[in-house]
Every structure is written in structure tokens, then in C-alpha cells.
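coords09.pdb follows (PDB, C-alpha atoms):
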```
MODEL        1
ATOM      1  CA  GLN A   1       0.000   0.000   0.000  1.00  0.00           C
ATOM      2  CA  GLY A   2       3.021   2.241  -0.185  1.00  0.00           C
ATOM      3  CA  ARG A   3       3.197   3.179   3.490  1.00  0.00           C
ATOM      4  CA  HIS A   4       6.276   2.947   5.666  1.00  0.00           C
ATOM      5  CA  VAL A   5       5.867   1.061   8.922  1.00  0.00           C
ATOM      6  CA  ARG A   6       8.368   1.157  11.734  1.00  0.00           C
ATOM      7  CA  ILE A   7       8.726  -2.212  13.448  1.00  0.00           C
ATOM      8  CA  LEU A   8      10.298  -3.212  16.737  1.00  0.00           C
ATOM      9  CA  ILE A   9      13.324  -5.459  17.110  1.00  0.00           C
ATOM     10  CA  GLN A  10      15.194  -6.799  20.122  1.00  0.00           C
ATOM     11  CA  ASN A  11      18.533  -5.491  21.286  1.00  0.00           C
ATOM     12  CA  LYS A  12      19.135  -8.733  23.260  1.00  0.00           C
ATOM     13  CA  ASN A  13      18.112 -12.281  22.509  1.00  0.00           C
ATOM     14  CA  GLY A  14      15.189 -13.480  24.575  1.00  0.00           C
ATOM     15  CA  PRO A  15      11.436 -14.063  24.585  1.00  0.00           C
ATOM     16  CA  CYS A  16       9.675 -12.089  21.915  1.00  0.00           C
ATOM     17  CA  PRO A  17       5.884 -12.639  22.032  1.00  0.00           C
ATOM     18  CA  LEU A  18       5.435  -9.018  23.066  1.00  0.00           C
ATOM     19  CA  LEU A  19       7.393  -7.876  19.996  1.00  0.00           C
ATOM     20  CA  ALA A  20       5.371 -10.160  17.744  1.00  0.00           C
ATOM     21  CA  ILE A  21       2.106  -8.759  19.101  1.00  0.00           C
ATOM     22  CA  SER A  22       3.362  -5.189  18.784  1.00  0.00           C
ATOM     23  CA  ASN A  23       4.615  -5.663  15.234  1.00  0.00           C
ATOM     24  CA  ILE A  24       1.349  -7.262  14.119  1.00  0.00           C
ATOM     25  CA  LEU A  25      -0.556  -4.270  15.483  1.00  0.00           C
ATOM     26  CA  LEU A  26       1.917  -1.870  13.860  1.00  0.00           C
ATOM     27  CA  LEU A  27       1.530  -3.614  10.495  1.00  0.00           C
ATOM     28  CA  ARG A  28      -2.269  -3.492  10.870  1.00  0.00           C
ATOM     29  CA  ASN A  29      -1.964   0.228  11.549  1.00  0.00           C
ATOM     30  CA  LYS A  30      -3.533  -0.234  15.005  1.00  0.00           C
ATOM     31  CA  LEU A  31      -0.467   1.097  16.846  1.00  0.00           C
ATOM     32  CA  GLN A  32       1.790   3.959  15.873  1.00  0.00           C
ATOM     33  CA  ILE A  33       5.284   4.780  17.037  1.00  0.00           C
ATOM     34  CA  HIS A  34       6.247   8.413  17.176  1.00  0.00           C
ATOM     35  CA  PRO A  35       9.135   9.102  14.751  1.00  0.00           C
ATOM     36  CA  ASP A  36      11.243  10.493  17.614  1.00  0.00           C
ATOM     37  CA  PHE A  37      11.281   7.137  19.425  1.00  0.00           C
ATOM     38  CA  SER A  38      14.163   4.829  18.608  1.00  0.00           C
ATOM     39  CA  PHE A  39      14.132   2.768  21.810  1.00  0.00           C
ATOM     40  CA  PHE A  40      11.402   1.279  24.009  1.00  0.00           C
ATOM     41  CA  THR A  41      11.791  -0.340  27.380  1.00  0.00           C
ATOM     42  CA  PHE A  42       9.723  -3.408  28.165  1.00  0.00           C
ATOM     43  CA  SER A  43       7.517  -1.424  30.539  1.00  0.00           C
ATOM     44  CA  GLN A  44       6.947   1.291  27.907  1.00  0.00           C
ATOM     45  CA  LEU A  45       5.857  -1.334  25.406  1.00  0.00           C
ATOM     46  CA  VAL A  46       3.531  -2.939  27.961  1.00  0.00           C
ATOM     47  CA  GLY A  47       2.073   0.517  28.624  1.00  0.00           C
ATOM     48  CA  LEU A  48       1.586   1.171  24.907  1.00  0.00           C
ATOM     49  CA  LEU A  49      -0.292  -2.113  24.461  1.00  0.00           C
ATOM     50  CA  GLY A  50      -2.281  -1.550  27.646  1.00  0.00           C
ATOM     51  CA  ASP A  51      -3.352   1.870  26.399  1.00  0.00           C
ATOM     52  CA  TYR A  52      -4.336   0.351  23.062  1.00  0.00           C
ATOM     53  CA  VAL A  53      -6.535  -2.268  24.726  1.00  0.00           C
ATOM     54  CA  MET A  54      -8.182   0.341  26.951  1.00  0.00           C
ATOM     55  CA  GLU A  55      -8.942   2.555  23.920  1.00  0.00           C
ATOM     56  CA  CYS A  56     -10.313  -0.350  21.874  1.00  0.00           C
ATOM     57  CA  ASN A  57     -12.580  -1.598  24.630  1.00  0.00           C
ATOM     58  CA  PRO A  58     -14.703   1.304  25.835  1.00  0.00           C
ATOM     59  CA  VAL A  59     -17.182   0.294  28.507  1.00  0.00           C
ATOM     60  CA  ARG A  60     -20.596  -0.402  26.965  1.00  0.00           C
ATOM     61  CA  GLY A  61     -23.798  -2.246  27.680  1.00  0.00           C
ATOM     62  CA  ASP A  62     -25.517  -3.257  30.876  1.00  0.00           C
ATOM     63  CA  SER A  63     -23.728  -3.606  34.190  1.00  0.00           C
ATOM     64  CA  GLU A  64     -23.082  -7.366  33.763  1.00  0.00           C
ATOM     65  CA  LEU A  65     -21.524  -6.812  30.336  1.00  0.00           C
ATOM     66  CA  GLN A  66     -19.466  -3.920  31.710  1.00  0.00           C
ATOM     67  CA  GLN A  67     -18.229  -6.076  34.583  1.00  0.00           C
ATOM     68  CA  ASN A  68     -17.254  -8.881  32.178  1.00  0.00           C
ATOM     69  CA  GLN A  69     -15.484  -6.432  29.881  1.00  0.00           C
ATOM     70  CA  HIS A  70     -13.682  -4.833  32.816  1.00  0.00           C
ATOM     71  CA  GLN A  71     -12.507  -8.288  33.958  1.00  0.00           C
ATOM     72  CA  GLN A  72     -11.231  -9.158  30.457  1.00  0.00           C
ATOM     73  CA  VAL A  73      -9.224  -5.940  30.262  1.00  0.00           C
ATOM     74  CA  ASN A  74      -7.826  -6.511  33.765  1.00  0.00           C
ATOM     75  CA  ASP A  75      -6.864 -10.087  32.852  1.00  0.00           C
ATOM     76  CA  PHE A  76      -5.160  -8.775  29.722  1.00  0.00           C
ATOM     77  CA  LEU A  77      -3.194  -6.218  31.723  1.00  0.00           C
ATOM     78  CA  MET A  78      -2.152  -8.894  34.248  1.00  0.00           C
ATOM     79  CA  VAL A  79      -0.924 -11.322  31.561  1.00  0.00           C
ATOM     80  CA  LEU A  80       0.893  -8.755  29.427  1.00  0.00           C
ATOM     81  CA  PRO A  81       3.969  -8.364  31.694  1.00  0.00           C
ATOM     82  CA  LYS A  82       4.387 -12.162  31.822  1.00  0.00           C
ATOM     83  CA  LEU A  83       5.354 -12.078  28.153  1.00  0.00           C
ATOM     84  CA  ALA A  84       8.819 -10.895  29.202  1.00  0.00           C
ATOM     85  CA  HIS A  85       9.510 -14.494  30.129  1.00  0.00           C
ATOM     86  CA  GLY A  86       8.082 -16.094  27.003  1.00  0.00           C
ATOM     87  CA  LEU A  87       4.817 -17.734  26.146  1.00  0.00           C
ATOM     88  CA  ASP A  88       3.858 -21.100  27.623  1.00  0.00           C
ATOM     89  CA  ILE A  89       1.545 -22.855  25.198  1.00  0.00           C
ATOM     90  CA  ASN A  90       0.336 -26.423  25.516  1.00  0.00           C
ATOM     91  CA  LEU A  91      -0.189 -27.194  21.861  1.00  0.00           C
ATOM     92  CA  LYS A  92      -1.971 -30.197  20.434  1.00  0.00           C
ATOM     93  CA  PHE A  93      -0.735 -32.120  17.432  1.00  0.00           C
ATOM     94  CA  LYS A  94      -3.889 -32.519  15.289  1.00  0.00           C
ATOM     95  CA  ASN A  95      -3.751 -29.156  13.546  1.00  0.00           C
ATOM     96  CA  CYS A  96      -1.852 -25.882  13.593  1.00  0.00           C
ATOM     97  CA  LYS A  97      -4.540 -24.015  15.556  1.00  0.00           C
ATOM     98  CA  ASP A  98      -5.164 -26.638  18.230  1.00  0.00           C
ATOM     99  CA  MET A  99      -3.930 -25.425  21.637  1.00  0.00           C
ATOM    100  CA  GLU A 100      -5.072 -25.692  25.228  1.00  0.00           C
ATOM    101  CA  PHE A 101      -6.792 -22.464  26.236  1.00  0.00           C
ATOM    102  CA  THR A 102      -4.800 -20.269  28.641  1.00  0.00           C
ATOM    103  CA  ALA A 103      -4.872 -16.670  29.812  1.00  0.00           C
ATOM    104  CA  GLU A 104      -1.966 -15.989  27.444  1.00  0.00           C
ATOM    105  CA  LEU A 105      -4.007 -17.244  24.479  1.00  0.00           C
ATOM    106  CA  ALA A 106      -6.941 -15.098  25.576  1.00  0.00           C
ATOM    107  CA  LEU A 107      -4.628 -12.128  25.118  1.00  0.00           C
ATOM    108  CA  PHE A 108      -4.180 -13.021  21.432  1.00  0.00           C
ATOM    109  CA  ASP A 109      -7.942 -13.498  21.067  1.00  0.00           C
ATOM    110  CA  MET A 110      -8.617 -10.089  22.579  1.00  0.00           C
ATOM    111  CA  LEU A 111      -6.266  -8.509  20.023  1.00  0.00           C
ATOM    112  CA  ASP A 112      -7.758 -10.530  17.145  1.00  0.00           C
ATOM    113  CA  ILE A 113      -4.409 -12.199  16.453  1.00  0.00           C
ATOM    114  CA  GLU A 114      -4.551 -15.763  15.222  1.00  0.00           C
ATOM    115  CA  LEU A 115      -1.824 -17.923  16.719  1.00  0.00           C
ATOM    116  CA  VAL A 116      -0.639 -21.038  14.870  1.00  0.00           C
ATOM    117  CA  HIS A 117       2.083 -23.624  15.465  1.00  0.00           C
ATOM    118  CA  GLY A 118       3.981 -26.023  13.231  1.00  0.00           C
ATOM    119  CA  TRP A 119       4.026 -29.123  15.438  1.00  0.00           C
ATOM    120  CA  VAL A 120       1.463 -31.078  13.467  1.00  0.00           C
ATOM    121  CA  VAL A 121       1.583 -34.849  12.983  1.00  0.00           C
ATOM    122  CA  ASP A 122       1.332 -36.039   9.405  1.00  0.00           C
ATOM    123  CA  PRO A 123      -1.949 -37.987   9.149  1.00  0.00           C
ATOM    124  CA  GLN A 124      -0.356 -40.161   6.442  1.00  0.00           C
ATOM    125  CA  ASP A 125       1.936 -41.576   9.134  1.00  0.00           C
ATOM    126  CA  GLU A 126      -0.970 -43.518  10.614  1.00  0.00           C
ATOM    127  CA  GLU A 127       0.958 -45.175  13.446  1.00  0.00           C
ATOM    128  CA  THR A 128       2.313 -41.854  14.755  1.00  0.00           C
ATOM    129  CA  TRP A 129      -1.018 -40.117  14.099  1.00  0.00           C
ATOM    130  CA  ASP A 130      -2.914 -42.682  16.162  1.00  0.00           C
ATOM    131  CA  LEU A 131      -0.469 -42.341  19.072  1.00  0.00           C
ATOM    132  CA  VAL A 132       0.259 -38.612  19.097  1.00  0.00           C
ATOM    133  CA  SER A 133      -2.623 -36.673  17.536  1.00  0.00           C
ATOM    134  CA  PRO A 134      -5.010 -37.025  20.511  1.00  0.00           C
ATOM    135  CA  LEU A 135      -2.364 -35.707  22.919  1.00  0.00           C
ATOM    136  CA  SER A 136      -1.231 -32.293  24.005  1.00  0.00           C
ATOM    137  CA  TYR A 137       2.474 -31.490  24.234  1.00  0.00           C
ATOM    138  CA  ASN A 138       2.423 -31.681  28.047  1.00  0.00           C
ATOM    139  CA  LEU A 139       0.621 -35.033  28.048  1.00  0.00           C
ATOM    140  CA  LEU A 140       3.024 -36.472  25.477  1.00  0.00           C
ATOM    141  CA  VAL A 141       6.019 -35.394  27.584  1.00  0.00           C
ATOM    142  CA  GLU A 142       4.452 -37.046  30.660  1.00  0.00           C
ATOM    143  CA  LYS A 143       3.926 -40.274  28.735  1.00  0.00           C
ATOM    144  CA  LEU A 144       7.506 -40.263  27.432  1.00  0.00           C
ATOM    145  CA  VAL A 145       8.821 -39.776  30.963  1.00  0.00           C
ATOM    146  CA  ASP A 146       6.622 -42.664  32.147  1.00  0.00           C
ATOM    147  CA  LEU A 147       7.933 -44.823  29.301  1.00  0.00           C
ATOM    148  CA  ARG A 148      11.541 -43.995  30.125  1.00  0.00           C
ATOM    149  CA  THR A 149      10.926 -44.769  33.809  1.00  0.00           C
ATOM    150  CA  PHE A 150       9.332 -48.083  32.844  1.00  0.00           C
ATOM    151  CA  ILE A 151      12.284 -49.015  30.624  1.00  0.00           C
ATOM    152  CA  GLU A 152      14.806 -48.077  33.326  1.00  0.00           C
ATOM    153  CA  LYS A 153      12.979 -50.069  36.026  1.00  0.00           C
ATOM    154  CA  ASP A 154      12.472 -53.039  33.744  1.00  0.00           C
ATOM    155  CA  GLY A 155      16.171 -53.068  32.892  1.00  0.00           C
ATOM    156  CA  SER A 156      15.464 -52.934  29.196  1.00  0.00           C
ATOM    157  CA  VAL A 157      17.920 -51.159  26.966  1.00  0.00           C
ATOM    158  CA  ALA A 158      16.672 -47.695  26.004  1.00  0.00           C
ATOM    159  CA  THR A 159      17.345 -48.417  22.333  1.00  0.00           C
ATOM    160  CA  ALA A 160      14.958 -51.371  22.369  1.00  0.00           C
ATOM    161  CA  SER A 161      11.651 -50.939  20.631  1.00  0.00           C
ATOM    162  CA  PRO A 162       9.442 -49.176  23.169  1.00  0.00           C
ATOM    163  CA  ALA A 163       6.014 -50.408  24.150  1.00  0.00           C
ATOM    164  CA  PRO A 164       3.070 -48.437  22.748  1.00  0.00           C
ATOM    165  CA  ILE A 165       2.016 -45.412  24.739  1.00  0.00           C
ATOM    166  CA  ALA A 166      -1.450 -45.709  26.205  1.00  0.00           C
ATOM    167  CA  VAL A 167      -3.660 -42.725  25.554  1.00  0.00           C
ATOM    168  CA  ASP A 168      -5.963 -41.496  28.313  1.00  0.00           C
ATOM    169  CA  GLU A 169      -8.796 -39.352  26.975  1.00  0.00           C
TER     170      GLU A 169
ENDMDL
END
```
Show how you would write the structure in this file as C-alpha cells.
Amino acid sequence: QGRHVRILIQNKNGPCPLLAISNILLLRNKLQIHPDFSFFTFSQLVGLLGDYVMECNPVRGDSELQQNQHQQVNDFLMVLPKLAHGLDINLKFKNCKDMEFTAELALFDMLDIELVHGWVVDPQDEETWDLVSPLSYNLLVEKLVDLRTFIEKDGSVATASPAPIAVDE
């Protein structure tokens, strides 16, 4: 569209979900950065996003709706600073949009940002699909730890063909 958009980058390696959110909103022309700014602190960026959410969610409707909206904004503002430490997502392996709902994901929903992941099992690999697709990442890790513990207690060699993983649904 011929417009110039300033984006944010990190000056140190680390978690970047806050930068991703900010850059999406900048590219959508929902946030603007004053041309005089060349550096943002984490707290300034949190404040900028907090202000944006407050502006985009004016209080409307009856008192119950207002209370719900107020709670959503407060939840958003409480989760936002946690993004300095990364984003803990318990993804599921069936499709790229399948994730366990968390407060962090609600933040993306509130900003109308679709979050996807690439940890999807190929359905053509039927054996792996049947074992892994019903599981979340956290559940799969638990089952692998259980399997390793079983193998170590049983005295079996870890390179032996492992027993199938039982799936609890």
C-alpha cells in the first residue's frame, strides 16, 4: 500500500511474544510509534499495548456486560507483563490451531491475532497419528517420561523398541 511502517526489534536475545504482538498491530496500523522514538523499554511497550486495549474496549452495555469487559481488560493487563519471560503454550498435534486455552491465548484473542504452530503430525503416518494426535504437548512429555521410567525399572535397553504409549482421553 506504499506506506512505511516502523517495526520493533530486540537489542538482546530473549522471549519475543510481546514484539510479535506489537509488530502485528503496527503492520495493521492499530499502533503507531512516534518518529522520535528509537528505543522502548519493556515497561513502555507494555504501557503502549495496555493503552491500546483500553482505547479499543470502551465500557458499553448493561452492568453485567461492563463487569465482564472490565474483567477481560484486567486479565489482559495482568498477563501482558508475563510475556517478558516467554509464552507457555500447551499445543496439540492434530492441527496448527489446536492449543489448550490459557490466559496468554486469551490475550491473542482479545487482540484478534490468530496464533498457529507447526508441530502437526502427518496424518499419512498412521501409526504416529494414532499415538500422538489425541495428545497435548504436556501429556506427550508425561507419557515419554513414564515410558523412560518403565524401561529403566524393567532393565530394558533404552534403544529397544518401546512399548506403545497408552492414551488417556
Exercise. Name the residues that the PyMOL selection byres ((chain A and resi 24) around 12) picks from the file above, as a PyMOL selection string, using the file's chain letters and numbers.
Key: chain A and resi 5-8+17-23+25-32+49+108+111-115
Exercise. Carefully work through the PyMOL selection byres ((chain A and resi 133) around 6) for this structure and note down the residues it includes, as a PyMOL selection string.
Key: chain A and resi 93-94+129+132+134-135
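Separating CA of Gln69 (chain A) from CA of Lys92 (chain A) is a distance of 28.9 Å.
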Self-check item: Resolved residues for the PyMOL selection byres ((chain A and resi 78) around 12) as an NGL selection string
Solution: :A and (46-47 or 50 or 71-77 or 79-83 or 103-104 or 106-107)
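For the choices A:Met54, A:Val120, A:Leu147, A:Ile33, the atom-to-atom distance to Cys96 (chain A) is smallest for A:Val120 when using only C-alpha atoms.
From CA of Lys97 (chain A) back to CA of Val116 (chain A), the distance works out to 5.0 Å.
As for CA of Asp36 (chain A) and CA of Ile9 (chain A), they are spaced 16.1 Å apart.
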Report, as JSON, the centre and edge lengths in Å (one decimal) of the axis-aligned box enclosing every listed atom of region 60-64 of chain A, padded by 4 Å on each side.
```
{"center_x": -23.1, "center_y": -3.9, "center_z": 30.6, "size_x": 12.9, "size_y": 15.0, "size_z": 15.2}
```
Some atoms are absent from region 137-156 of chain A, so rebuild N, CA, C and O atoms and return them as a PDB file, in the coordinates of the input.
```
ATOM      1  N   TYR A 137       1.031 -31.426  24.026  1.00  0.00           N
ATOM      2  CA  TYR A 137       2.474 -31.490  24.234  1.00  0.00           C
ATOM      3  C   TYR A 137       2.786 -31.951  25.657  1.00  0.00           C
ATOM      4  O   TYR A 137       3.599 -32.856  25.870  1.00  0.00           O
ATOM      5  N   ASN A 138       2.140 -31.335  26.648  1.00  0.00           N
ATOM      6  CA  ASN A 138       2.423 -31.681  28.047  1.00  0.00           C
ATOM      7  C   ASN A 138       2.101 -33.137  28.340  1.00  0.00           C
ATOM      8  O   ASN A 138       2.855 -33.815  29.038  1.00  0.00           O
ATOM      9  N   LEU A 139       0.990 -33.639  27.815  1.00  0.00           N
ATOM     10  CA  LEU A 139       0.621 -35.033  28.048  1.00  0.00           C
ATOM     11  C   LEU A 139       1.605 -35.981  27.363  1.00  0.00           C
ATOM     12  O   LEU A 139       1.970 -37.017  27.933  1.00  0.00           O
ATOM     13  N   LEU A 140       2.047 -35.638  26.179  1.00  0.00           N
ATOM     14  CA  LEU A 140       3.024 -36.472  25.477  1.00  0.00           C
ATOM     15  C   LEU A 140       4.330 -36.532  26.264  1.00  0.00           C
ATOM     16  O   LEU A 140       4.919 -37.614  26.418  1.00  0.00           O
ATOM     17  N   VAL A 141       4.786 -35.405  26.780  1.00  0.00           N
ATOM     18  CA  VAL A 141       6.019 -35.394  27.584  1.00  0.00           C
ATOM     19  C   VAL A 141       5.856 -36.281  28.815  1.00  0.00           C
ATOM     20  O   VAL A 141       6.747 -37.069  29.148  1.00  0.00           O
ATOM     21  N   GLU A 142       4.703 -36.187  29.491  1.00  0.00           N
ATOM     22  CA  GLU A 142       4.452 -37.046  30.660  1.00  0.00           C
ATOM     23  C   GLU A 142       4.524 -38.521  30.284  1.00  0.00           C
ATOM     24  O   GLU A 142       5.122 -39.327  31.001  1.00  0.00           O
ATOM     25  N   LYS A 143       3.939 -38.882  29.168  1.00  0.00           N
ATOM     26  CA  LYS A 143       3.926 -40.274  28.735  1.00  0.00           C
ATOM     27  C   LYS A 143       5.328 -40.744  28.360  1.00  0.00           C
ATOM     28  O   LYS A 143       5.689 -41.891  28.627  1.00  0.00           O
ATOM     29  N   LEU A 144       6.126 -39.889  27.763  1.00  0.00           N
ATOM     30  CA  LEU A 144       7.506 -40.263  27.432  1.00  0.00           C
ATOM     31  C   LEU A 144       8.347 -40.444  28.693  1.00  0.00           C
ATOM     32  O   LEU A 144       9.178 -41.358  28.763  1.00  0.00           O
ATOM     33  N   VAL A 145       8.122 -39.613  29.681  1.00  0.00           N
ATOM     34  CA  VAL A 145       8.821 -39.776  30.963  1.00  0.00           C
ATOM     35  C   VAL A 145       8.404 -41.090  31.615  1.00  0.00           C
ATOM     36  O   VAL A 145       9.244 -41.846  32.122  1.00  0.00           O
ATOM     37  N   ASP A 146       7.105 -41.391  31.600  1.00  0.00           N
ATOM     38  CA  ASP A 146       6.622 -42.664  32.147  1.00  0.00           C
ATOM     39  C   ASP A 146       7.246 -43.849  31.419  1.00  0.00           C
ATOM     40  O   ASP A 146       7.638 -44.838  32.044  1.00  0.00           O
ATOM     41  N   LEU A 147       7.336 -43.752  30.097  1.00  0.00           N
ATOM     42  CA  LEU A 147       7.933 -44.823  29.301  1.00  0.00           C
ATOM     43  C   LEU A 147       9.405 -45.005  29.660  1.00  0.00           C
ATOM     44  O   LEU A 147       9.876 -46.126  29.849  1.00  0.00           O
ATOM     45  N   ARG A 148      10.116 -43.916  29.778  1.00  0.00           N
ATOM     46  CA  ARG A 148      11.541 -43.995  30.125  1.00  0.00           C
ATOM     47  C   ARG A 148      11.714 -44.614  31.517  1.00  0.00           C
ATOM     48  O   ARG A 148      12.592 -45.450  31.729  1.00  0.00           O
ATOM     49  N   THR A 149      10.875 -44.207  32.459  1.00  0.00           N
ATOM     50  CA  THR A 149      10.926 -44.769  33.809  1.00  0.00           C
ATOM     51  C   THR A 149      10.646 -46.263  33.762  1.00  0.00           C
ATOM     52  O   THR A 149      11.337 -47.059  34.417  1.00  0.00           O
ATOM     53  N   PHE A 150       9.660 -46.673  32.993  1.00  0.00           N
ATOM     54  CA  PHE A 150       9.332 -48.083  32.844  1.00  0.00           C
ATOM     55  C   PHE A 150      10.524 -48.860  32.285  1.00  0.00           C
ATOM     56  O   PHE A 150      10.874 -49.934  32.782  1.00  0.00           O
ATOM     57  N   ILE A 151      11.147 -48.341  31.252  1.00  0.00           N
ATOM     58  CA  ILE A 151      12.284 -49.015  30.624  1.00  0.00           C
ATOM     59  C   ILE A 151      13.446 -49.121  31.605  1.00  0.00           C
ATOM     60  O   ILE A 151      14.089 -50.162  31.713  1.00  0.00           O
ATOM     61  N   GLU A 152      13.706 -48.058  32.355  1.00  0.00           N
ATOM     62  CA  GLU A 152      14.806 -48.077  33.326  1.00  0.00           C
ATOM     63  C   GLU A 152      14.537 -49.062  34.461  1.00  0.00           C
ATOM     64  O   GLU A 152      15.435 -49.768  34.898  1.00  0.00           O
ATOM     65  N   LYS A 153      13.321 -49.136  34.949  1.00  0.00           N
ATOM     66  CA  LYS A 153      12.979 -50.069  36.026  1.00  0.00           C
ATOM     67  C   LYS A 153      13.000 -51.506  35.538  1.00  0.00           C
ATOM     68  O   LYS A 153      13.390 -52.411  36.254  1.00  0.00           O
ATOM     69  N   ASP A 154      12.557 -51.706  34.323  1.00  0.00           N
ATOM     70  CA  ASP A 154      12.472 -53.039  33.744  1.00  0.00           C
ATOM     71  C   ASP A 154      13.858 -53.568  33.375  1.00  0.00           C
ATOM     72  O   ASP A 154      14.026 -54.754  33.159  1.00  0.00           O
ATOM     73  N   GLY A 155      14.824 -52.669  33.276  1.00  0.00           N
ATOM     74  CA  GLY A 155      16.171 -53.068  32.892  1.00  0.00           C
ATOM     75  C   GLY A 155      16.353 -53.209  31.399  1.00  0.00           C
ATOM     76  O   GLY A 155      17.384 -53.648  30.931  1.00  0.00           O
ATOM     77  N   SER A 156      15.355 -52.856  30.645  1.00  0.00           N
ATOM     78  CA  SER A 156      15.464 -52.934  29.196  1.00  0.00           C
ATOM     79  C   SER A 156      16.410 -51.857  28.691  1.00  0.00           C
ATOM     80  O   SER A 156      16.552 -50.798  29.288  1.00  0.00           O
TER      81      SER A 156
END
```
